[in-house]
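The data block below is target_28.cif; it holds mmCIF, C-alpha atoms (C1' of nucleotides).
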```cif
data_input
#
loop_
_atom_site.group_PDB
_atom_site.id
_atom_site.type_symbol
_atom_site.label_atom_id
_atom_site.label_comp_id
_atom_site.auth_asym_id
_atom_site.auth_seq_id
_atom_site.Cartn_x
_atom_site.Cartn_y
_atom_site.Cartn_z
ATOM 1 C CA MET A 1 84.950 122.660 161.175
ATOM 2 C CA ASP A 2 84.374 120.518 164.289
ATOM 3 C CA ALA A 3 84.961 116.794 164.471
ATOM 4 C CA ALA A 4 81.308 115.830 163.979
ATOM 5 C CA ALA A 5 81.039 117.941 160.832
ATOM 6 C CA ALA A 6 84.264 116.465 159.463
ATOM 7 C CA ASP A 7 82.902 113.004 160.182
ATOM 8 C CA ASP A 8 79.714 113.813 158.355
ATOM 9 C CA ARG A 9 81.651 115.143 155.391
ATOM 10 C CA LEU A 10 83.692 111.937 155.216
ATOM 11 C CA ASP A 11 80.547 109.841 155.592
ATOM 12 C CA ARG A 12 78.947 111.501 152.610
ATOM 13 C CA ALA A 13 82.073 111.511 150.453
ATOM 14 C CA PHE A 14 82.834 107.816 150.912
ATOM 15 C CA MET A 15 79.151 106.980 150.545
ATOM 16 C CA ALA A 16 79.014 109.015 147.341
ATOM 17 C CA LEU A 17 81.807 106.922 145.823
ATOM 18 C CA ALA A 18 80.195 103.641 146.927
ATOM 19 C CA ASP A 19 78.098 103.530 143.756
ATOM 20 C CA PRO A 20 79.289 102.638 140.249
ATOM 21 C CA VAL A 21 77.090 105.266 138.593
ATOM 22 C CA ARG A 22 78.505 108.030 140.779
ATOM 23 C CA ARG A 23 82.065 106.786 140.264
ATOM 24 C CA GLY A 24 81.374 106.844 136.536
ATOM 25 C CA ILE A 25 80.205 110.428 136.841
ATOM 26 C CA VAL A 26 83.381 111.366 138.723
ATOM 27 C CA ALA A 27 85.489 109.615 136.088
ATOM 28 C CA ARG A 28 83.733 111.522 133.328
ATOM 29 C CA LEU A 29 84.053 114.837 135.157
ATOM 30 C CA SER A 30 87.793 114.358 135.610
ATOM 31 C CA ARG A 31 87.978 115.047 131.861
ATOM 32 C CA GLY A 32 86.007 118.281 132.152
ATOM 33 C CA PRO A 33 82.602 119.701 133.135
ATOM 34 C CA ALA A 34 79.427 118.133 131.740
ATOM 35 C CA THR A 35 75.677 118.685 131.827
ATOM 36 C CA VAL A 36 73.179 116.338 133.449
ATOM 37 C CA THR A 37 71.964 114.960 130.119
ATOM 38 C CA GLU A 38 75.527 114.325 128.995
ATOM 39 C CA LEU A 39 76.272 112.536 132.245
ATOM 40 C CA ALA A 40 73.094 110.468 132.003
ATOM 41 C CA GLU A 41 73.809 109.266 128.467
ATOM 42 C CA PRO A 42 76.091 106.262 129.263
ATOM 43 C CA PHE A 43 73.748 104.929 131.943
ATOM 44 C CA ASP A 44 70.464 103.111 131.698
ATOM 45 C CA ILE A 45 68.600 105.355 134.138
ATOM 46 C CA THR A 46 66.493 108.490 133.757
ATOM 47 C CA THR A 47 67.935 111.998 133.918
ATOM 48 C CA GLN A 48 66.004 112.474 137.157
ATOM 49 C CA GLY A 49 67.876 109.534 138.579
ATOM 50 C CA VAL A 50 71.193 111.011 137.489
ATOM 51 C CA SER A 51 70.139 114.366 138.898
ATOM 52 C CA LYS A 52 69.686 112.721 142.277
ATOM 53 C CA HIS A 53 73.103 111.095 142.023
ATOM 54 C CA ILE A 54 74.595 114.519 141.325
ATOM 55 C CA GLN A 55 72.840 115.911 144.380
ATOM 56 C CA VAL A 56 74.504 113.193 146.433
ATOM 57 C CA LEU A 57 77.911 114.093 144.996
ATOM 58 C CA GLU A 58 77.220 117.790 145.564
ATOM 59 C CA SER A 59 76.159 117.352 149.187
ATOM 60 C CA ALA A 60 79.411 115.411 149.684
ATOM 61 C CA GLY A 61 81.315 118.388 148.291
ATOM 62 C CA LEU A 62 82.769 116.325 145.451
ATOM 63 C CA VAL A 63 81.190 118.383 142.678
ATOM 64 C CA THR A 64 79.777 121.879 142.164
ATOM 65 C CA ARG A 65 77.211 123.192 139.725
ATOM 66 C CA SER A 66 77.389 126.421 137.752
ATOM 67 C CA ARG A 67 74.822 127.988 135.473
ATOM 68 C CA ASP A 68 74.771 128.429 131.713
ATOM 69 C CA ALA A 69 71.269 129.436 130.541
ATOM 70 C CA GLN A 70 69.019 126.458 131.326
ATOM 71 C CA ARG A 71 71.986 124.131 131.590
ATOM 72 C CA ARG A 72 73.678 123.403 134.921
ATOM 73 C CA PRO A 73 77.186 122.142 134.125
ATOM 74 C CA VAL A 74 78.722 119.949 136.818
ATOM 75 C CA HIS A 75 82.376 120.394 137.824
ATOM 76 C CA LEU A 76 84.621 118.061 139.787
ATOM 77 C CA ASP A 77 86.195 119.337 143.029
ATOM 78 C CA ALA A 78 89.543 117.581 143.218
ATOM 79 C CA ALA A 79 90.326 119.013 146.663
ATOM 80 C CA ALA A 80 87.508 116.942 148.161
ATOM 81 C CA LEU A 81 88.986 113.818 146.579
ATOM 82 C CA GLU A 82 92.312 114.671 148.173
ATOM 83 C CA THR A 83 90.681 114.775 151.620
ATOM 84 C CA LEU A 84 89.692 111.153 151.145
ATOM 85 C CA THR A 85 93.136 109.952 150.101
ATOM 86 C CA GLU A 86 94.574 111.838 153.066
ATOM 87 C CA TRP A 87 92.290 109.979 155.473
ATOM 88 C CA ILE A 88 93.082 106.584 153.974
ATOM 89 C CA ASP A 89 96.816 107.177 153.683
ATOM 90 C CA ARG A 90 97.068 108.321 157.279
ATOM 91 C CA TYR A 91 96.063 104.934 158.637
ATOM 92 C CA ARG A 92 97.714 103.005 155.853
ATOM 93 C CA LEU A 93 101.039 104.617 156.773
ATOM 94 C CA ILE A 94 100.581 104.039 160.497
ATOM 95 C CA HIS A 95 99.948 100.393 159.679
ATOM 96 C CA GLU A 96 103.024 100.131 157.492
ATOM 97 C CA GLN A 97 105.290 101.865 159.989
ATOM 98 C CA ARG A 98 104.114 99.390 162.606
ATOM 99 C CA PHE A 99 105.120 96.596 160.239
ATOM 100 C CA ARG A 100 108.552 98.101 159.688
ATOM 101 C CA ARG A 101 109.097 98.311 163.451
ATOM 102 C CA LEU A 102 108.068 94.679 163.730
ATOM 103 C CA ASP A 103 110.484 93.688 160.997
ATOM 104 C CA ALA A 104 113.316 95.530 162.695
ATOM 105 C CA LEU A 105 112.486 93.804 165.971
ATOM 106 C CA LEU A 106 112.512 90.415 164.322
ATOM 107 C CA ALA A 107 115.815 91.115 162.616
ATOM 108 C CA SER A 108 117.538 92.173 165.845
ATOM 109 C CA ALA A 109 115.958 89.610 168.208
ATOM 110 C CA ASP A 110 116.362 86.712 165.759
ATOM 111 C CA GLY A 111 113.897 84.722 167.914
ATOM 112 C CA GLY A 112 110.727 83.552 166.128
ATOM 113 C CA ASP A 113 108.631 83.332 169.336
ATOM 114 C CA ALA A 114 109.456 86.923 170.299
ATOM 115 C CA ALA A 115 107.273 88.143 167.436
ATOM 116 C CA ALA A 116 104.021 86.961 169.039
ATOM 117 C CA SER A 117 104.289 89.207 172.100
ATOM 118 C CA ALA A 118 105.685 92.077 170.052
ATOM 119 C CA GLY A 119 102.528 91.954 167.972
ATOM 120 C CA GLN A 120 100.577 93.418 170.889
ATOM 121 C CA ASP A 121 102.466 96.677 170.362
ATOM 122 C CA MET B 1 88.852 89.687 138.226
ATOM 123 C CA ASP B 2 86.387 91.091 135.703
ATOM 124 C CA ALA B 3 85.125 94.648 135.662
ATOM 125 C CA ALA B 4 81.851 93.899 137.442
ATOM 126 C CA ALA B 5 83.645 92.136 140.293
ATOM 127 C CA ALA B 6 86.115 95.013 140.622
ATOM 128 C CA ASP B 7 83.186 97.407 140.699
ATOM 129 C CA ASP B 8 81.555 95.378 143.420
ATOM 130 C CA ARG B 9 84.767 95.331 145.430
ATOM 131 C CA LEU B 10 85.044 99.129 145.182
ATOM 132 C CA ASP B 11 81.369 99.518 146.084
ATOM 133 C CA ARG B 12 81.830 97.565 149.272
ATOM 134 C CA ALA B 13 85.130 99.172 150.240
ATOM 135 C CA PHE B 14 83.898 102.751 149.857
ATOM 136 C CA MET B 15 80.618 101.834 151.523
ATOM 137 C CA ALA B 16 82.530 100.256 154.397
ATOM 138 C CA LEU B 17 84.380 103.515 155.043
ATOM 139 C CA ALA B 18 81.182 105.598 154.811
ATOM 140 C CA ASP B 19 80.472 105.029 158.499
ATOM 141 C CA PRO B 20 82.227 106.651 161.472
ATOM 142 C CA VAL B 21 82.158 103.463 163.548
ATOM 143 C CA ARG B 22 83.853 101.468 160.802
ATOM 144 C CA ARG B 23 86.404 104.227 160.182
ATOM 145 C CA GLY B 24 87.102 104.199 163.920
ATOM 146 C CA ILE B 25 87.670 100.465 163.743
ATOM 147 C CA VAL B 26 90.083 100.910 160.836
ATOM 148 C CA ALA B 27 91.918 103.643 162.738
ATOM 149 C CA ARG B 28 92.260 101.398 165.769
ATOM 150 C CA LEU B 29 93.418 98.435 163.680
ATOM 151 C CA SER B 30 96.137 100.518 162.037
ATOM 152 C CA ARG B 31 97.854 100.320 165.450
ATOM 153 C CA GLY B 32 97.603 96.531 165.586
ATOM 154 C CA PRO B 33 95.101 93.650 165.705
ATOM 155 C CA ALA B 34 92.234 93.748 168.193
ATOM 156 C CA THR B 35 89.355 91.568 169.369
ATOM 157 C CA VAL B 36 85.677 92.372 168.855
ATOM 158 C CA THR B 37 85.138 93.396 172.478
ATOM 159 C CA GLU B 38 88.183 95.647 172.380
ATOM 160 C CA LEU B 39 86.912 97.247 169.196
ATOM 161 C CA ALA B 40 83.411 97.686 170.645
ATOM 162 C CA GLU B 41 84.638 99.386 173.819
ATOM 163 C CA PRO B 42 84.884 103.009 172.536
ATOM 164 C CA PHE B 43 81.446 102.899 170.916
ATOM 165 C CA ASP B 44 77.988 103.034 172.389
ATOM 166 C CA ILE B 45 76.669 99.993 170.567
ATOM 167 C CA THR B 46 76.455 96.274 171.388
ATOM 168 C CA THR B 47 79.170 93.784 170.471
ATOM 169 C CA GLN B 48 76.706 92.228 168.049
ATOM 170 C CA GLY B 49 76.484 95.555 166.275
ATOM 171 C CA VAL B 50 80.269 95.818 166.094
ATOM 172 C CA SER B 51 80.449 92.235 164.881
ATOM 173 C CA LYS B 52 78.204 93.200 161.977
ATOM 174 C CA HIS B 53 80.405 96.196 161.205
ATOM 175 C CA ILE B 54 83.414 93.896 161.096
ATOM 176 C CA GLN B 55 81.579 91.598 158.700
ATOM 177 C CA VAL B 56 81.027 94.583 156.422
ATOM 178 C CA LEU B 57 84.725 95.460 156.563
ATOM 179 C CA GLU B 58 85.656 91.818 155.956
ATOM 180 C CA SER B 59 83.371 91.408 152.947
ATOM 181 C CA ALA B 60 84.992 94.548 151.541
ATOM 182 C CA GLY B 61 88.401 92.905 151.975
ATOM 183 C CA LEU B 62 89.599 95.636 154.333
ATOM 184 C CA VAL B 63 90.163 93.333 157.309
ATOM 185 C CA THR B 64 90.758 89.643 158.004
ATOM 186 C CA ARG B 65 90.039 87.540 161.069
ATOM 187 C CA SER B 66 92.293 84.915 162.646
ATOM 188 C CA ARG B 67 91.685 82.620 165.600
ATOM 189 C CA ASP B 68 93.132 82.584 169.114
ATOM 190 C CA ALA B 69 91.143 80.234 171.367
ATOM 191 C CA GLN B 70 87.640 81.730 171.604
ATOM 192 C CA ARG B 71 88.904 85.117 170.465
ATOM 193 C CA ARG B 72 88.886 86.179 166.833
ATOM 194 C CA PRO B 73 91.422 88.974 166.409
ATOM 195 C CA VAL B 74 90.783 91.347 163.529
ATOM 196 C CA HIS B 75 93.670 92.514 161.314
ATOM 197 C CA LEU B 76 93.809 95.429 158.891
ATOM 198 C CA ASP B 77 94.595 94.735 155.222
ATOM 199 C CA ALA B 78 96.481 97.802 154.058
ATOM 200 C CA ALA B 79 96.620 96.586 150.449
ATOM 201 C CA ALA B 80 92.856 97.017 150.156
ATOM 202 C CA LEU B 81 93.179 100.593 151.373
ATOM 203 C CA GLU B 82 95.755 101.195 148.686
ATOM 204 C CA THR B 83 93.293 100.073 146.003
ATOM 205 C CA LEU B 84 90.997 102.893 147.086
ATOM 206 C CA THR B 85 93.650 105.610 146.988
ATOM 207 C CA GLU B 86 94.676 104.313 143.568
ATOM 208 C CA TRP B 87 91.140 104.742 142.257
ATOM 209 C CA ILE B 88 90.750 108.232 143.678
ATOM 210 C CA ASP B 89 94.198 109.417 142.620
ATOM 211 C CA ARG B 90 93.702 108.209 139.079
ATOM 212 C CA TYR B 91 90.881 110.659 138.425
ATOM 213 C CA ARG B 92 92.322 113.351 140.658
ATOM 214 C CA LEU B 93 95.480 113.344 138.528
ATOM 215 C CA ILE B 94 93.561 113.356 135.248
ATOM 216 C CA HIS B 95 91.669 116.354 136.557
ATOM 217 C CA GLU B 96 94.840 118.173 137.598
ATOM 218 C CA GLN B 97 96.626 117.457 134.328
ATOM 219 C CA ARG B 98 93.659 118.930 132.503
ATOM 220 C CA PHE B 99 94.015 122.046 134.650
ATOM 221 C CA ARG B 100 97.698 122.314 133.853
ATOM 222 C CA ARG B 101 96.940 122.086 130.132
ATOM 223 C CA LEU B 102 94.336 124.808 130.562
ATOM 224 C CA ASP B 103 96.814 127.016 132.372
ATOM 225 C CA ALA B 104 99.356 126.557 129.605
ATOM 226 C CA LEU B 105 96.719 127.444 127.034
ATOM 227 C CA LEU B 106 95.782 130.600 128.905
ATOM 228 C CA ALA B 107 99.412 131.613 129.288
ATOM 229 C CA SER B 108 100.132 131.261 125.568
ATOM 230 C CA ALA B 109 96.840 132.681 124.266
ATOM 231 C CA ASP B 110 96.799 135.573 126.765
ATOM 232 C CA GLY B 111 93.099 136.137 125.953
ATOM 233 C CA GLY B 112 90.748 136.156 128.945
ATOM 234 C CA ASP B 113 87.636 135.303 126.895
ATOM 235 C CA ALA B 114 89.362 132.344 125.277
ATOM 236 C CA ALA B 115 89.170 130.513 128.608
ATOM 237 C CA ALA B 116 85.390 130.033 128.416
ATOM 238 C CA SER B 117 85.449 127.982 125.210
ATOM 239 C CA ALA B 118 88.637 126.202 126.266
ATOM 240 C CA GLY B 119 86.766 125.015 129.345
ATOM 241 C CA GLN B 120 84.716 122.690 127.143
ATOM 242 C CA ASP B 121 87.897 120.739 126.387
ATOM 243 C "C1'" DC C 1 80.163 69.172 184.914
ATOM 244 C "C1'" DG C 2 78.516 73.906 185.265
ATOM 245 C "C1'" DC C 3 79.924 78.968 184.727
ATOM 246 C "C1'" DT C 4 81.993 82.792 182.329
ATOM 247 C "C1'" DT C 5 83.899 84.947 178.290
ATOM 248 C "C1'" DT C 6 83.961 85.758 173.449
ATOM 249 C "C1'" DA C 7 81.727 85.961 169.380
ATOM 250 C "C1'" DT C 8 78.217 84.704 165.885
ATOM 251 C "C1'" DC C 9 73.551 83.835 163.972
ATOM 252 C "C1'" DA C 10 68.522 84.886 163.450
ATOM 253 C "C1'" DA C 11 64.671 87.820 163.515
ATOM 254 C "C1'" DC C 12 62.895 92.211 163.886
ATOM 255 C "C1'" DT C 13 62.286 97.510 163.433
ATOM 256 C "C1'" DA C 14 63.087 102.376 161.973
ATOM 257 C "C1'" DG C 15 65.066 104.893 158.655
ATOM 258 C "C1'" DA C 16 67.902 105.684 154.432
ATOM 259 C "C1'" DT C 17 68.824 104.682 149.514
ATOM 260 C "C1'" DG C 18 68.082 104.102 144.404
ATOM 261 C "C1'" DG C 19 65.038 103.975 141.221
ATOM 262 C "C1'" DT C 20 60.561 105.292 139.000
ATOM 263 C "C1'" DT C 21 56.629 108.587 137.193
ATOM 264 C "C1'" DG C 22 54.411 112.995 136.926
ATOM 265 C "C1'" DT C 23 54.577 117.969 137.207
ATOM 266 C "C1'" DA C 24 56.642 122.314 136.624
ATOM 267 C "C1'" DA C 25 60.146 125.970 136.272
ATOM 268 C "C1'" DA C 26 63.769 128.409 133.478
ATOM 269 C "C1'" DC C 27 65.667 129.498 129.231
ATOM 270 C "C1'" DG C 28 66.395 130.034 124.091
ATOM 271 C "C1'" DT C 29 64.046 130.164 119.697
ATOM 272 C "C1'" DA C 30 60.508 130.178 116.028
ATOM 273 C "C1'" DT D 1 52.925 133.840 122.249
ATOM 274 C "C1'" DA D 2 53.878 129.009 121.817
ATOM 275 C "C1'" DC D 3 57.290 125.237 121.726
ATOM 276 C "C1'" DG D 4 61.219 122.322 122.668
ATOM 277 C "C1'" DT D 5 65.112 121.529 125.806
ATOM 278 C "C1'" DT D 6 67.138 121.033 130.168
ATOM 279 C "C1'" DT D 7 66.726 120.444 134.824
ATOM 280 C "C1'" DA D 8 64.624 120.163 139.429
ATOM 281 C "C1'" DC D 9 61.057 118.820 142.801
ATOM 282 C "C1'" DA D 10 57.555 115.755 144.911
ATOM 283 C "C1'" DA D 11 55.551 111.494 145.774
ATOM 284 C "C1'" DC D 12 55.946 106.818 145.720
ATOM 285 C "C1'" DC D 13 57.970 102.033 146.082
ATOM 286 C "C1'" DA D 14 61.305 98.103 146.738
ATOM 287 C "C1'" DT D 15 65.298 97.158 148.858
ATOM 288 C "C1'" DC D 16 69.125 97.797 151.966
ATOM 289 C "C1'" DT D 17 71.245 99.424 156.304
ATOM 290 C "C1'" DA D 18 72.224 99.984 161.291
ATOM 291 C "C1'" DG D 19 70.831 99.004 165.278
ATOM 292 C "C1'" DT D 20 68.336 96.118 168.693
ATOM 293 C "C1'" DT D 21 67.099 91.589 171.486
ATOM 294 C "C1'" DG D 22 67.369 86.663 172.158
ATOM 295 C "C1'" DA D 23 69.452 82.259 171.460
ATOM 296 C "C1'" DT D 24 73.584 79.550 170.507
ATOM 297 C "C1'" DA D 25 78.369 77.869 169.915
ATOM 298 C "C1'" DA D 26 83.236 77.461 171.317
ATOM 299 C "C1'" DA D 27 86.820 77.758 174.473
ATOM 300 C "C1'" DG D 28 88.865 78.219 179.141
ATOM 301 C "C1'" DC D 29 88.250 77.771 184.240
ATOM 302 C "C1'" DG D 30 86.116 76.642 188.959
#
```
Just dump the structure as structure tokens.
Amino acid sequence: MDAAAADDRLDRAFMALADPVRRGIVARLSRGPATVTELAEPFDITTQGVSKHIQVLESAGLVTRSRDAQRRPVHLDAAALETLTEWIDRYRLIHEQRFRRLDALLASADGGDAAASAGQD
Amino acid sequence: MDAAAADDRLDRAFMALADPVRRGIVARLSRGPATVTELAEPFDITTQGVSKHIQVLESAGLVTRSRDAQRRPVHLDAAALETLTEWIDRYRLIHEQRFRRLDALLASADGGDAAASAGQD
DNA sequence: CGCTTTATCAACTAGATGGTTGTAAACGTA
DNA sequence: TACGTTTACAACCATCTAGTTGATAAAGCG
């Protein structure tokens, strides 16, 4: 997978979670597969609307659909969720390590004004 | 913070990360604060465009802006990133625990066909 | 005081998104 | 066969988004 494709995958996955209905669907699916009508039940929108939300989640790779007669049960793909936490945690940790270095510098230098220039990395 | 406000905060934060330019800004800010022109430099869009991206990140609580003469350095807020990983991990872990229970059931029952009905939870 | 740099605000456009209704396909059952 | 259930697809609409250009404000510098 090249960088552009990975970008696109992240775009869609984050976008998919930027909607309370779709997050509700993910939350429900974490407890096991469900059909479209089951997933639509808690929300005040049509099953067609929910079907479109599921398509968004599917194109983001967050869920998959199987087949059981005329039903199409939806399953959560936890690996895709992990990709998101990996992206976030990468930069969160870089940020925190930078803070720890800054703290160490402050502790050793003991000069308050030295922190301002150190902030430039 | 009530549920609707928390929902709105999550909406904005996930939405903010659903764009490669804004993720690039977050990645850059993990290495330290930067000005708007510095942040705009790697991208092929105007500083006005980048300024709007920063407003999106700010309204999502992911970054803050301070003041240094006519410059307005942007800082990353790692705590907001943590809120996102917490949301994702919550349902990822529920999903994985369910899988572990299913595995245990399969191991004790030893019946291949039993798995299909067990899948319904 | 002008000039430059840095950044924001306002207005606009093309395109995407979230919802609807209507139609139709696939499947099990009477 | 006919019927009900479940789901998808197409067309449509209101709203939002991402980018642009142009004007403006704030601060430093000649």
Within 12 Å of chain D: residues of chain B, using only C-alpha atoms (C1' of nucleotides), as an mmCIF file with C-alpha atoms, keeping the file's coordinate frame:
```
data_model
loop_
_atom_site.group_PDB
_atom_site.id
_atom_site.type_symbol
_atom_site.label_atom_id
_atom_site.label_comp_id
_atom_site.auth_asym_id
_atom_site.auth_seq_id
_atom_site.Cartn_x
_atom_site.Cartn_y
_atom_site.Cartn_z
ATOM 1 C CA MET B 15 80.618 101.834 151.523
ATOM 2 C CA ALA B 16 82.530 100.256 154.397
ATOM 3 C CA ALA B 18 81.182 105.598 154.811
ATOM 4 C CA ASP B 19 80.472 105.029 158.499
ATOM 5 C CA VAL B 21 82.158 103.463 163.548
ATOM 6 C CA ARG B 22 83.853 101.468 160.802
ATOM 7 C CA ASP B 44 77.988 103.034 172.389
ATOM 8 C CA ILE B 45 76.669 99.993 170.567
ATOM 9 C CA THR B 46 76.455 96.274 171.388
ATOM 10 C CA THR B 47 79.170 93.784 170.471
ATOM 11 C CA GLN B 48 76.706 92.228 168.049
ATOM 12 C CA GLY B 49 76.484 95.555 166.275
ATOM 13 C CA VAL B 50 80.269 95.818 166.094
ATOM 14 C CA SER B 51 80.449 92.235 164.881
ATOM 15 C CA LYS B 52 78.204 93.200 161.977
ATOM 16 C CA HIS B 53 80.405 96.196 161.205
ATOM 17 C CA VAL B 56 81.027 94.583 156.422
ATOM 18 C CA ARG B 67 91.685 82.620 165.600
ATOM 19 C CA ASP B 68 93.132 82.584 169.114
ATOM 20 C CA ALA B 69 91.143 80.234 171.367
ATOM 21 C CA GLN B 70 87.640 81.730 171.604
ATOM 22 C CA ARG B 71 88.904 85.117 170.465
ATOM 23 C CA ARG B 72 88.886 86.179 166.833
#
```
Using all atoms listed in the file - which residues lie no farther than 10 Å from the point (81.3, 124.7, 136.4) in the file's frame? Write them as a VMD selection string. (chain A and resid 32 to 35 63 to 68 72 to 77) or (chain B and resid 119)
Give me the result of the PyMOL selection byres ((chain A) within 10 of (chain B)) on this file, residue by residue, as a VMD selection string. chain A and resid 4 7 to 20 23 26 to 34 76 to 82 84 to 99 119 to 121
Can you report as lines of an AutoDock Vina configuration file the centre and edge lengths in Å, to one decimal, of an axis-aligned box around the listed atoms of range 4-12 of chain C padded with 4 Å on each side?
```
center_x = 73.4
center_y = 87.5
center_z = 172.9
size_x = 29.1
size_y = 17.4
size_z = 26.9
```
Within 8 Å of chain B: each chain C residue with its shortest pair, all atoms listed in the file, as JSON lines:
```
{"residue": "C:DT6", "atom": "C1'", "partner": "B:Gln70", "partner_atom": "CA", "distance": 5.8}
{"residue": "C:DA7", "atom": "C1'", "partner": "B:Arg71", "partner_atom": "CA", "distance": 7.3}
{"residue": "C:DT8", "atom": "C1'", "partner": "B:Ser51", "partner_atom": "CA", "distance": 7.9}
```
CA of Ala5 in chain A and CA of Pro42 in chain B are how many Å apart?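 According to the coordinates, CA of Ala5 in chain A and CA of Pro42 in chain B are separated by 19.4 Å.
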So the first atom is CA of Gly61 in chain A and the second is C1' of DA25 in chain C; what is the distance between them in Å, to one decimal place? 25.5 Å
